[in-house]
Amino acid sequence: NSFWSSLDKESKHFIQKGLLETLGCEQWRPSTAALCIQTLAVAELPTNEWPDLLQVLVENIISQTKTDSVICASIETIGYICSAVQHPCIEESINQILTAIMFCIKLERGSSNIKSVAMKALSDSLEFATVNFARHTERNYIMQVVCEATQC
């Protein structure tokens, strides 16, 4: 962390951009790029040093222009971030996060791996989604999507 904090903004931005571009290029799980992004997010999100990170990851998922591997790595990254970053910025982005997760769970194309990674991300994000689950219609929708995804 001291090494990272000693870097200038331009170097940090270059590394962040490179990591985001690497998402989906790996052929293994867990994604090394996703884990690196999670590590940086722990330091950067609470200080607002990477303000567009979650927005970029959500856009990777819902834009419908990305490959399945980019979608899978992006939702995996969101899950890792939700499990590691204890900061209100996650709660502030929970609607976008849940939208991306639901998109992946309902995704018709692609592998079942995307669905299972999205289910894990949902589990990792639940502590931030208490407001969403308090709303009857939203909770029912989320549970309906999850239940339908478990049917053969």
# chains A, B, ... in the order shown; residues from 1 in each chain; ligands from 1

call {"tool": "residues_around", "arguments": {"residues": "Thr67 of chain A", "least_positions_apart": "5", "cutoff": "10 Å", "atoms": "only C-alpha atoms", "output": "mmCIF file with N, CA, C and O atoms, in the first residue's frame"}}
result
data_model
loop_
_atom_site.group_PDB
_atom_site.id
_atom_site.type_symbol
_atom_site.label_atom_id
_atom_site.label_comp_id
_atom_site.auth_asym_id
_atom_site.auth_seq_id
_atom_site.Cartn_x
_atom_site.Cartn_y
_atom_site.Cartn_z
ATOM 1 N N GLY A 24 -11.245 -10.099 -18.614
ATOM 2 C CA GLY A 24 -11.772 -10.955 -19.669
ATOM 3 C C GLY A 24 -10.715 -11.588 -20.543
ATOM 4 O O GLY A 24 -11.030 -12.435 -21.367
ATOM 5 N N CYS A 25 -9.460 -11.197 -20.388
ATOM 6 C CA CYS A 25 -8.384 -11.759 -21.209
ATOM 7 C C CYS A 25 -7.834 -13.059 -20.625
ATOM 8 O O CYS A 25 -7.185 -13.824 -21.333
ATOM 9 N N ASN A 60 -19.472 -2.405 -18.452
ATOM 10 C CA ASN A 60 -18.925 -3.604 -19.101
ATOM 11 C C ASN A 60 -19.987 -4.702 -19.180
ATOM 12 O O ASN A 60 -20.024 -5.470 -20.142
ATOM 13 N N ILE A 61 -20.819 -4.765 -18.165
ATOM 14 C CA ILE A 61 -21.803 -5.842 -18.059
ATOM 15 C C ILE A 61 -23.046 -5.560 -18.884
ATOM 16 O O ILE A 61 -23.493 -6.408 -19.652
ATOM 17 N N CYS A 72 -18.151 -11.737 -17.392
ATOM 18 C CA CYS A 72 -17.890 -12.615 -16.247
ATOM 19 C C CYS A 72 -16.817 -12.014 -15.331
ATOM 20 O O CYS A 72 -16.983 -11.983 -14.109
ATOM 21 N N GLY A 110 -24.359 -17.086 -23.359
ATOM 22 C CA GLY A 110 -23.187 -17.318 -22.524
ATOM 23 C C GLY A 110 -23.301 -18.543 -21.644
ATOM 24 O O GLY A 110 -24.269 -19.273 -21.668
#

call {"tool": "residues_around", "arguments": {"residues": "Ser31 of chain A", "least_positions_apart": "2", "cutoff": "10 Å", "atoms": "only C-alpha atoms", "output": "list in words"}}
result
Thr22, Leu23, Gly24, Cys25, Glu26, Gln27, Trp28, Arg29, Ala33, Ala34, Leu35, Cys36, Ile37, Cys72, Ala73, Ser74, Glu76 and Thr77 of chain A

call {"tool": "closest_residue", "arguments": {"among": "A:Glu49, A:Val42, A:Glu108, A:Glu92", "to": "Gln64 of chain A", "atoms": "only C-alpha atoms"}}
result
A:Glu108

call {"tool": "closest_residue", "arguments": {"among": "A:Ser5, A:Asp68, A:Lys12, A:His87", "to": "Trp50 of chain A", "atoms": "only C-alpha atoms"}}
result
A:Lys12

call {"tool": "select_by_dssp", "arguments": {"residues": "segment 54-137 of chain A", "states": "helix (DSSP H, G or I)", "output": "PyMOL selection string"}}
result
chain A and resi 54-62+68-84+88-92+94-106+112-128+130-134+136-137

call {"tool": "residues_around", "arguments": {"residues": "Lys106 of chain A", "least_positions_apart": "2", "cutoff": "8 Å", "atoms": "only C-alpha atoms", "output": "JSON, numbers by chain"}}
result
{"A": [102, 103, 104, 108, 115, 145, 149]}

call {"tool": "closest_residue", "arguments": {"among": "A:Cys82, A:Thr150, A:Asn140, A:Lys9", "to": "Leu122 of chain A", "atoms": "only C-alpha atoms"}}
result
A:Cys82

call {"tool": "residues_around", "arguments": {"residues": "Gln151 of chain A", "least_positions_apart": "3", "cutoff": "12 Å", "atoms": "only C-alpha atoms", "output": "PDB file with all heavy atoms, in the first residue's frame"}}
result
ATOM      1  N   ILE A 105     -27.573 -12.666 -14.102  1.00  0.00           N
ATOM      2  CA  ILE A 105     -28.344 -13.848 -13.720  1.00  0.00           C
ATOM      3  C   ILE A 105     -29.381 -14.174 -14.796  1.00  0.00           C
ATOM      4  O   ILE A 105     -29.632 -15.330 -15.110  1.00  0.00           O
ATOM      5  CB  ILE A 105     -29.006 -13.658 -12.338  1.00  0.00           C
ATOM      6  CG1 ILE A 105     -27.912 -13.609 -11.251  1.00  0.00           C
ATOM      7  CG2 ILE A 105     -29.993 -14.787 -12.046  1.00  0.00           C
ATOM      8  CD1 ILE A 105     -28.420 -13.237  -9.874  1.00  0.00           C
ATOM      9  N   LYS A 106     -29.971 -13.141 -15.404  1.00  0.00           N
ATOM     10  CA  LYS A 106     -31.002 -13.342 -16.423  1.00  0.00           C
ATOM     11  C   LYS A 106     -30.436 -13.512 -17.823  1.00  0.00           C
ATOM     12  O   LYS A 106     -31.183 -13.825 -18.753  1.00  0.00           O
ATOM     13  CB  LYS A 106     -31.954 -12.140 -16.418  1.00  0.00           C
ATOM     14  CG  LYS A 106     -32.810 -12.054 -15.175  1.00  0.00           C
ATOM     15  CD  LYS A 106     -33.634 -10.795 -15.168  1.00  0.00           C
ATOM     16  CE  LYS A 106     -34.685 -10.860 -16.247  1.00  0.00           C
ATOM     17  NZ  LYS A 106     -35.633  -9.743 -16.211  1.00  0.00           N
ATOM     18  N   SER A 112     -23.142 -20.885 -18.085  1.00  0.00           N
ATOM     19  CA  SER A 112     -23.734 -20.886 -16.749  1.00  0.00           C
ATOM     20  C   SER A 112     -22.737 -20.319 -15.744  1.00  0.00           C
ATOM     21  O   SER A 112     -23.115 -19.944 -14.646  1.00  0.00           O
ATOM     22  CB  SER A 112     -24.158 -22.299 -16.357  1.00  0.00           C
ATOM     23  OG  SER A 112     -23.038 -23.153 -16.343  1.00  0.00           O
ATOM     24  N   GLN A 144     -37.334 -13.666  -7.259  1.00  0.00           N
ATOM     25  CA  GLN A 144     -37.895 -14.337  -8.425  1.00  0.00           C
ATOM     26  C   GLN A 144     -36.812 -14.633  -9.456  1.00  0.00           C
ATOM     27  O   GLN A 144     -36.750 -15.730 -10.003  1.00  0.00           O
ATOM     28  CB  GLN A 144     -38.998 -13.477  -9.043  1.00  0.00           C
ATOM     29  CG  GLN A 144     -39.602 -14.115 -10.287  1.00  0.00           C
ATOM     30  CD  GLN A 144     -40.638 -13.208 -10.946  1.00  0.00           C
ATOM     31  OE1 GLN A 144     -41.073 -12.229 -10.375  1.00  0.00           O
ATOM     32  NE2 GLN A 144     -41.021 -13.559 -12.165  1.00  0.00           N
ATOM     33  N   VAL A 145     -35.951 -13.653  -9.730  1.00  0.00           N
ATOM     34  CA  VAL A 145     -34.862 -13.844 -10.689  1.00  0.00           C
ATOM     35  C   VAL A 145     -33.928 -14.954 -10.228  1.00  0.00           C
ATOM     36  O   VAL A 145     -33.538 -15.830 -11.012  1.00  0.00           O
ATOM     37  CB  VAL A 145     -34.092 -12.516 -10.916  1.00  0.00           C
ATOM     38  CG1 VAL A 145     -32.800 -12.754 -11.695  1.00  0.00           C
ATOM     39  CG2 VAL A 145     -34.972 -11.505 -11.633  1.00  0.00           C
ATOM     40  N   VAL A 146     -33.597 -14.954  -8.949  1.00  0.00           N
ATOM     41  CA  VAL A 146     -32.701 -15.981  -8.406  1.00  0.00           C
ATOM     42  C   VAL A 146     -33.353 -17.351  -8.509  1.00  0.00           C
ATOM     43  O   VAL A 146     -32.723 -18.322  -8.962  1.00  0.00           O
ATOM     44  CB  VAL A 146     -32.303 -15.651  -6.943  1.00  0.00           C
ATOM     45  CG1 VAL A 146     -31.619 -16.835  -6.281  1.00  0.00           C
ATOM     46  CG2 VAL A 146     -31.432 -14.411  -6.896  1.00  0.00           C
ATOM     47  N   CYS A 147     -34.618 -17.456  -8.136  1.00  0.00           N
ATOM     48  CA  CYS A 147     -35.311 -18.737  -8.191  1.00  0.00           C
ATOM     49  C   CYS A 147     -35.441 -19.249  -9.623  1.00  0.00           C
ATOM     50  O   CYS A 147     -35.219 -20.439  -9.887  1.00  0.00           O
ATOM     51  CB  CYS A 147     -36.688 -18.621  -7.541  1.00  0.00           C
ATOM     52  SG  CYS A 147     -36.610 -18.447  -5.753  1.00  0.00           S
ATOM     53  N   GLU A 148     -35.783 -18.374 -10.560  1.00  0.00           N
ATOM     54  CA  GLU A 148     -35.896 -18.776 -11.959  1.00  0.00           C
ATOM     55  C   GLU A 148     -34.551 -19.241 -12.511  1.00  0.00           C
ATOM     56  O   GLU A 148     -34.502 -20.159 -13.343  1.00  0.00           O
ATOM     57  CB  GLU A 148     -36.443 -17.627 -12.799  1.00  0.00           C
ATOM     58  CG  GLU A 148     -37.919 -17.385 -12.575  1.00  0.00           C
ATOM     59  CD  GLU A 148     -38.443 -16.140 -13.282  1.00  0.00           C
ATOM     60  OE1 GLU A 148     -37.656 -15.438 -13.953  1.00  0.00           O
ATOM     61  OE2 GLU A 148     -39.643 -15.860 -13.158  1.00  0.00           O
TER      62      GLU A 148
END

call {"tool": "atom_distance", "arguments": {"atom1": "atom CA of Thr99 of chain A", "atom2": "atom CA of Glu59 of chain A"}}
result
10.5 Å

call {"tool": "atom_distance", "arguments": {"atom1": "atom CA of Ala118 of chain A", "atom2": "atom CA of Ile101 of chain A"}}
result
5.4 Å
